[in-house]
$ cat protein.pdb   # PDB, C-alpha atoms
ATOM      1  CA  MET P  22     -10.127  17.317  -2.499  1.00  0.00           C
ATOM      2  CA  THR P  23      -7.260  16.212  -0.251  1.00  0.00           C
ATOM      3  CA  LEU P  24      -7.277  13.003   1.761  1.00  0.00           C
ATOM      4  CA  GLN P  25      -7.860  15.053   4.905  1.00  0.00           C
ATOM      5  CA  GLU P  26     -10.953  16.613   3.314  1.00  0.00           C
ATOM      6  CA  ALA P  27     -12.147  13.170   2.214  1.00  0.00           C
ATOM      7  CA  ALA P  28     -11.724  11.885   5.773  1.00  0.00           C
ATOM      8  CA  ALA P  29     -13.648  14.875   7.105  1.00  0.00           C
ATOM      9  CA  ALA P  30     -16.431  14.076   4.614  1.00  0.00           C
ATOM     10  CA  GLY P  31     -16.777  10.681   6.270  1.00  0.00           C
ATOM     11  CA  ARG P  32     -14.937   8.425   3.824  1.00  0.00           C
ATOM     12  CA  ARG P  33     -13.230   5.619   5.692  1.00  0.00           C
ATOM     13  CA  LYS P  34     -10.240   3.615   4.634  1.00  0.00           C
ATOM     14  CA  PRO P  35     -10.729  -0.125   4.191  1.00  0.00           C
ATOM     15  CA  ARG P  36      -9.469  -2.613   6.734  1.00  0.00           C
ATOM     16  CA  ILE P  37      -5.964  -3.891   6.061  1.00  0.00           C
ATOM     17  CA  THR P  38      -4.050  -6.980   7.166  1.00  0.00           C
ATOM     18  CA  LEU P  39      -0.298  -7.301   7.637  1.00  0.00           C
ATOM     19  CA  SER P  40       1.954 -10.090   8.746  1.00  0.00           C
ATOM     20  CA  VAL P  41       3.806  -9.363  11.971  1.00  0.00           C
ATOM     21  CA  GLU P  42       7.068  -9.559  10.003  1.00  0.00           C
ATOM     22  CA  ASP P  43       5.971  -7.005   7.373  1.00  0.00           C
ATOM     23  CA  PHE P  44       4.645  -4.756  10.144  1.00  0.00           C
ATOM     24  CA  GLU P  45       7.971  -4.815  12.006  1.00  0.00           C
ATOM     25  CA  GLN P  46      10.071  -4.159   8.901  1.00  0.00           C
ATOM     26  CA  LEU P  47       7.737  -1.413   7.644  1.00  0.00           C
ATOM     27  CA  SER P  48       7.731   0.265  11.070  1.00  0.00           C
ATOM     28  CA  VAL P  49      11.537   0.482  10.970  1.00  0.00           C
ATOM     29  CA  LEU P  50      11.393   1.784   7.388  1.00  0.00           C
ATOM     30  CA  ALA P  51       8.802   4.466   8.261  1.00  0.00           C
ATOM     31  CA  ARG P  52      10.859   5.711  11.212  1.00  0.00           C
ATOM     32  CA  ALA P  53      14.026   5.811   9.093  1.00  0.00           C
ATOM     33  CA  ALA P  54      12.252   7.745   6.312  1.00  0.00           C
ATOM     34  CA  MET P  55      10.630  10.329   8.607  1.00  0.00           C
ATOM     35  CA  SER P  56      13.409  12.912   8.206  1.00  0.00           C
ATOM     36  CA  ARG P  57      13.766  12.759   4.421  1.00  0.00           C
ATOM     37  CA  LEU P  58      10.223  11.794   3.325  1.00  0.00           C
ATOM     38  CA  PRO P  59       8.007  12.999   6.185  1.00  0.00           C
ATOM     39  CA  ASP P  60       4.692  13.027   4.290  1.00  0.00           C
ATOM     40  CA  ILE P  61       4.920   9.497   2.899  1.00  0.00           C
ATOM     41  CA  ALA P  62       6.507   8.128   6.102  1.00  0.00           C
ATOM     42  CA  SER P  63       3.613   9.605   8.069  1.00  0.00           C
ATOM     43  CA  GLU P  64       1.090   8.074   5.666  1.00  0.00           C
ATOM     44  CA  LEU P  65       2.779   4.674   5.988  1.00  0.00           C
ATOM     45  CA  THR P  66       2.740   5.015   9.793  1.00  0.00           C
ATOM     46  CA  ASP P  67      -0.999   5.768   9.654  1.00  0.00           C
ATOM     47  CA  GLU P  68      -1.549   2.612   7.600  1.00  0.00           C
ATOM     48  CA  LEU P  69       0.489   0.529  10.038  1.00  0.00           C
ATOM     49  CA  GLU P  70      -1.488   1.855  13.005  1.00  0.00           C
ATOM     50  CA  ARG P  71      -4.790   0.611  11.603  1.00  0.00           C
ATOM     51  CA  ALA P  72      -3.555  -2.791  10.421  1.00  0.00           C
ATOM     52  CA  GLU P  73      -4.775  -6.110  11.753  1.00  0.00           C
ATOM     53  CA  LEU P  74      -1.655  -8.191  12.446  1.00  0.00           C
ATOM     54  CA  VAL P  75      -1.391 -11.916  11.808  1.00  0.00           C
ATOM     55  CA  PRO P  76       1.527 -14.366  12.030  1.00  0.00           C
ATOM     56  CA  ALA P  77       3.148 -14.992   8.650  1.00  0.00           C
ATOM     57  CA  ALA P  78       2.027 -18.622   8.803  1.00  0.00           C
ATOM     58  CA  ASP P  79      -1.609 -17.442   9.062  1.00  0.00           C
ATOM     59  CA  TYR P  80      -1.309 -14.811   6.325  1.00  0.00           C
ATOM     60  CA  LEU P  81      -4.222 -15.239   3.976  1.00  0.00           C
ATOM     61  CA  GLY P  82      -3.978 -15.323   0.205  1.00  0.00           C
ATOM     62  CA  GLY P  83      -5.485 -12.407  -1.641  1.00  0.00           C
ATOM     63  CA  VAL P  84      -3.889  -9.803   0.641  1.00  0.00           C
ATOM     64  CA  VAL P  85      -1.186  -7.412  -0.591  1.00  0.00           C
ATOM     65  CA  CYS P  86       2.058  -7.977   1.299  1.00  0.00           C
ATOM     66  CA  MET P  87       5.647  -7.048   0.585  1.00  0.00           C
ATOM     67  CA  GLY P  88       6.752  -8.833  -2.583  1.00  0.00           C
ATOM     68  CA  SER P  89       3.191  -9.423  -3.815  1.00  0.00           C
ATOM     69  CA  GLU P  90       2.359  -8.956  -7.471  1.00  0.00           C
ATOM     70  CA  VAL P  91      -0.793  -6.828  -7.502  1.00  0.00           C
ATOM     71  CA  THR P  92      -3.258  -6.071 -10.271  1.00  0.00           C
ATOM     72  CA  PHE P  93      -5.338  -2.963  -9.616  1.00  0.00           C
ATOM     73  CA  ARG P  94      -7.628  -0.598 -11.495  1.00  0.00           C
ATOM     74  CA  ASP P  95      -7.367   3.189 -11.274  1.00  0.00           C
ATOM     75  CA  GLU P  96     -11.022   4.130 -10.908  1.00  0.00           C
ATOM     76  CA  SER P  97     -10.363   7.629 -12.293  1.00  0.00           C
ATOM     77  CA  THR P  98      -9.018   6.389 -15.618  1.00  0.00           C
ATOM     78  CA  GLY P  99     -10.216   2.781 -15.773  1.00  0.00           C
ATOM     79  CA  LYS P 100      -6.605   1.736 -16.463  1.00  0.00           C
ATOM     80  CA  THR P 101      -5.484  -1.610 -15.043  1.00  0.00           C
ATOM     81  CA  GLN P 102      -1.880  -2.082 -13.885  1.00  0.00           C
ATOM     82  CA  ARG P 103       0.143  -4.977 -12.509  1.00  0.00           C
ATOM     83  CA  VAL P 104       3.005  -4.125 -10.133  1.00  0.00           C
ATOM     84  CA  THR P 105       5.160  -5.824  -7.527  1.00  0.00           C
ATOM     85  CA  LEU P 106       5.281  -4.085  -4.131  1.00  0.00           C
ATOM     86  CA  VAL P 107       8.878  -3.853  -2.918  1.00  0.00           C
ATOM     87  CA  TYR P 108      11.167  -2.078  -0.453  1.00  0.00           C
ATOM     88  CA  PRO P 109      12.750   1.150  -1.771  1.00  0.00           C
ATOM     89  CA  ASP P 110      16.122  -0.436  -2.609  1.00  0.00           C
ATOM     90  CA  LYS P 111      14.401  -2.918  -4.967  1.00  0.00           C
ATOM     91  CA  ALA P 112      12.160  -0.366  -6.738  1.00  0.00           C
ATOM     92  CA  ASP P 113      12.393  -0.170 -10.529  1.00  0.00           C
ATOM     93  CA  ILE P 114       9.451   1.376 -12.350  1.00  0.00           C
ATOM     94  CA  ALA P 115      10.707  -0.021 -15.693  1.00  0.00           C
ATOM     95  CA  GLN P 116      10.176  -3.506 -14.221  1.00  0.00           C
ATOM     96  CA  SER P 117       6.887  -2.503 -12.521  1.00  0.00           C
ATOM     97  CA  ARG P 118       8.512  -2.796  -9.086  1.00  0.00           C
ATOM     98  CA  VAL P 119       6.854  -0.111  -6.938  1.00  0.00           C
ATOM     99  CA  SER P 120       8.298   1.035  -3.612  1.00  0.00           C
ATOM    100  CA  VAL P 121       6.117   0.898  -0.517  1.00  0.00           C
ATOM    101  CA  LEU P 122       7.515   4.406   0.146  1.00  0.00           C
ATOM    102  CA  THR P 123       5.483   5.912  -2.691  1.00  0.00           C
ATOM    103  CA  PRO P 124       1.901   7.120  -2.349  1.00  0.00           C
ATOM    104  CA  ILE P 125       0.537   4.226  -4.397  1.00  0.00           C
ATOM    105  CA  GLY P 126       2.737   1.671  -2.634  1.00  0.00           C
ATOM    106  CA  THR P 127       1.538   2.856   0.761  1.00  0.00           C
ATOM    107  CA  ALA P 128      -2.076   2.736  -0.464  1.00  0.00           C
ATOM    108  CA  LEU P 129      -1.720  -0.870  -1.670  1.00  0.00           C
ATOM    109  CA  ILE P 130      -0.118  -2.459   1.399  1.00  0.00           C
ATOM    110  CA  GLY P 131      -2.464  -4.771   3.295  1.00  0.00           C
ATOM    111  CA  LEU P 132      -5.462  -4.472   0.956  1.00  0.00           C
ATOM    112  CA  ARG P 133      -7.547  -7.516   0.019  1.00  0.00           C
ATOM    113  CA  ILE P 134      -8.818  -8.429  -3.430  1.00  0.00           C
ATOM    114  CA  GLY P 135     -11.909  -6.306  -4.091  1.00  0.00           C
ATOM    115  CA  ALA P 136     -10.923  -3.521  -1.682  1.00  0.00           C
ATOM    116  CA  SER P 137     -10.806   0.081  -2.873  1.00  0.00           C
ATOM    117  CA  ILE P 138      -8.894   2.965  -1.348  1.00  0.00           C
ATOM    118  CA  GLU P 139      -8.441   6.654  -2.056  1.00  0.00           C
ATOM    119  CA  TRP P 140      -4.848   7.841  -2.222  1.00  0.00           C
ATOM    120  CA  GLU P 141      -3.178  11.138  -2.933  1.00  0.00           C
ATOM    121  CA  THR P 142      -0.652  11.460  -5.767  1.00  0.00           C
ATOM    122  CA  ARG P 143       2.570  13.400  -5.350  1.00  0.00           C
ATOM    123  CA  THR P 144       0.826  16.303  -7.112  1.00  0.00           C
ATOM    124  CA  GLY P 145      -2.018  16.331  -4.572  1.00  0.00           C
ATOM    125  CA  GLU P 146      -4.654  14.705  -6.784  1.00  0.00           C
ATOM    126  CA  VAL P 147      -6.935  12.276  -4.941  1.00  0.00           C
ATOM    127  CA  ARG P 148      -7.493   9.043  -6.876  1.00  0.00           C
ATOM    128  CA  GLU P 149      -9.122   5.732  -6.101  1.00  0.00           C
ATOM    129  CA  LEU P 150      -7.835   2.266  -6.868  1.00  0.00           C
ATOM    130  CA  THR P 151      -9.386  -1.195  -6.556  1.00  0.00           C
ATOM    131  CA  VAL P 152      -7.342  -4.358  -6.043  1.00  0.00           C
ATOM    132  CA  LEU P 153      -8.321  -6.946  -8.670  1.00  0.00           C
ATOM    133  CA  ASP P 154      -5.797  -9.741  -8.026  1.00  0.00           C
ATOM    134  CA  VAL P 155      -2.884 -10.542  -5.722  1.00  0.00           C
ATOM    135  CA  ALA P 156      -0.181 -13.129  -6.358  1.00  0.00           C
ATOM    136  CA  PRO P 157       1.841 -14.012  -3.265  1.00  0.00           C
ATOM    137  CA  PRO P 158       5.547 -13.255  -3.197  1.00  0.00           C
ATOM    138  CA  PRO P 159       7.850 -15.992  -4.432  1.00  0.00           C
ATOM    139  CA  ARG P 160       9.107 -18.259  -1.657  1.00  0.00           C
ATOM    140  CA  PRO P 161      12.877 -18.303  -1.063  1.00  0.00           C
TER     141      PRO P 161
END
$ encode --input "protein.pdb" --output "structure tokens"
Amino acid sequence: MTLQEAAAAGRRKPRITLSVEDFEQLSVLARAAMSRLPDIASELTDELERAELVPAADYLGGVVCMGSEVTFRDESTGKTQRVTLVYPDKADIAQSRVSVLTPIGTALIGLRIGASIEWETRTGEVRELTVLDVAPPPRP
């Protein structure tokens, strides 16, 4: 089942929250990626369109933002992973640094602890993940 079929079956995506700053930077990134990665850029744009925006100073803990270290469970396999959500130029899978311009990175952005979301792998398989823990990004 594709994500479009899941949506047609009535499955809704969870609410997400983004800081205004993350929203602005991710909007620029999505527009820039539209020509070379149209599917993932479109998915990221869809996520941005449904986000609740808050000032960075009001950003709540327990919400996945850029630079967050996220622990999640793949509900299909039961496997738990811990990754850091980063911009594409900082991605390094060997260091568990996942780009927001990947299907799983786009699925994670803005989720709260306890939230689950279905996402589509690059091979078209629909999976579900649940956010178990979120550590905020390190402060400069």
$ atom_distance --input "protein.pdb" --atom1 "atom CA of P:Gln116" --atom2 "atom CA of P:Ile134"
22.4 Å
$ closest_residue --input "protein.pdb" --among "P:Leu65, P:Val49, P:Leu153, P:Ala54" --to "P:Ser137" --atoms "all atoms listed in the file"
P:Leu153
$ residues_around --input "protein.pdb" --residues "P:Ser40" --least-positions-apart "6" --cutoff "9 Å" --atoms "all atoms listed in the file" --output "PyMOL selection string"
chain P and resi 73-80+86+131
$ closest_residue --input "protein.pdb" --among "P:Ala51, P:Leu69, P:Tyr108, P:Gly82" --to "P:Ala128" --atoms "only C-alpha atoms"
P:Leu69
$ resolve_selection --input "protein.pdb" --expression "the PyMOL selection byres ((chain P and resi 36) around 10)" --output "PDB file with C-alpha atoms, keeping the file's coordinate frame"
ATOM      1  CA  ARG P  33     -13.230   5.619   5.692  1.00  0.00           C
ATOM      2  CA  LYS P  34     -10.240   3.615   4.634  1.00  0.00           C
ATOM      3  CA  PRO P  35     -10.729  -0.125   4.191  1.00  0.00           C
ATOM      4  CA  ILE P  37      -5.964  -3.891   6.061  1.00  0.00           C
ATOM      5  CA  THR P  38      -4.050  -6.980   7.166  1.00  0.00           C
ATOM      6  CA  GLU P  68      -1.549   2.612   7.600  1.00  0.00           C
ATOM      7  CA  ARG P  71      -4.790   0.611  11.603  1.00  0.00           C
ATOM      8  CA  ALA P  72      -3.555  -2.791  10.421  1.00  0.00           C
ATOM      9  CA  GLU P  73      -4.775  -6.110  11.753  1.00  0.00           C
ATOM     10  CA  GLY P 131      -2.464  -4.771   3.295  1.00  0.00           C
ATOM     11  CA  LEU P 132      -5.462  -4.472   0.956  1.00  0.00           C
ATOM     12  CA  ARG P 133      -7.547  -7.516   0.019  1.00  0.00           C
ATOM     13  CA  ALA P 136     -10.923  -3.521  -1.682  1.00  0.00           C
ATOM     14  CA  ILE P 138      -8.894   2.965  -1.348  1.00  0.00           C
TER      15      ILE P 138
END
$ resolve_selection --input "protein.pdb" --expression "the PyMOL selection byres ((chain P and resi 60) around 12)" --output "list in words"
Ala51, Arg52, Ala54, Met55, Ser56, Arg57, Leu58, Pro59, Ile61, Ala62, Ser63, Glu64, Leu65, Thr66, Asp67, Leu122, Thr123, Pro124, Thr127, Glu141, Thr142, Arg143 and Gly145 of chain P
$ atom_distance --input "protein.pdb" --atom1 "atom CA of P:Val84" --atom2 "atom CA of P:Pro157"
8.1 Å
$ closest_residue --input "protein.pdb" --among "P:Glu70, P:Ala53, P:Glu45, P:Thr105" --to "P:Leu129" --atoms "only C-alpha atoms"
P:Thr105
$ atom_distance --input "protein.pdb" --atom1 "atom CA of P:Thr151" --atom2 "atom CA of P:Ala112"
21.6 Å
$ residues_around --input "protein.pdb" --residues "stretch 89-104 of chain P" --least-positions-apart "5" --cutoff "8 Å" --atoms "only C-alpha atoms" --output "PyMOL selection string"
chain P and resi 117-119+148-158
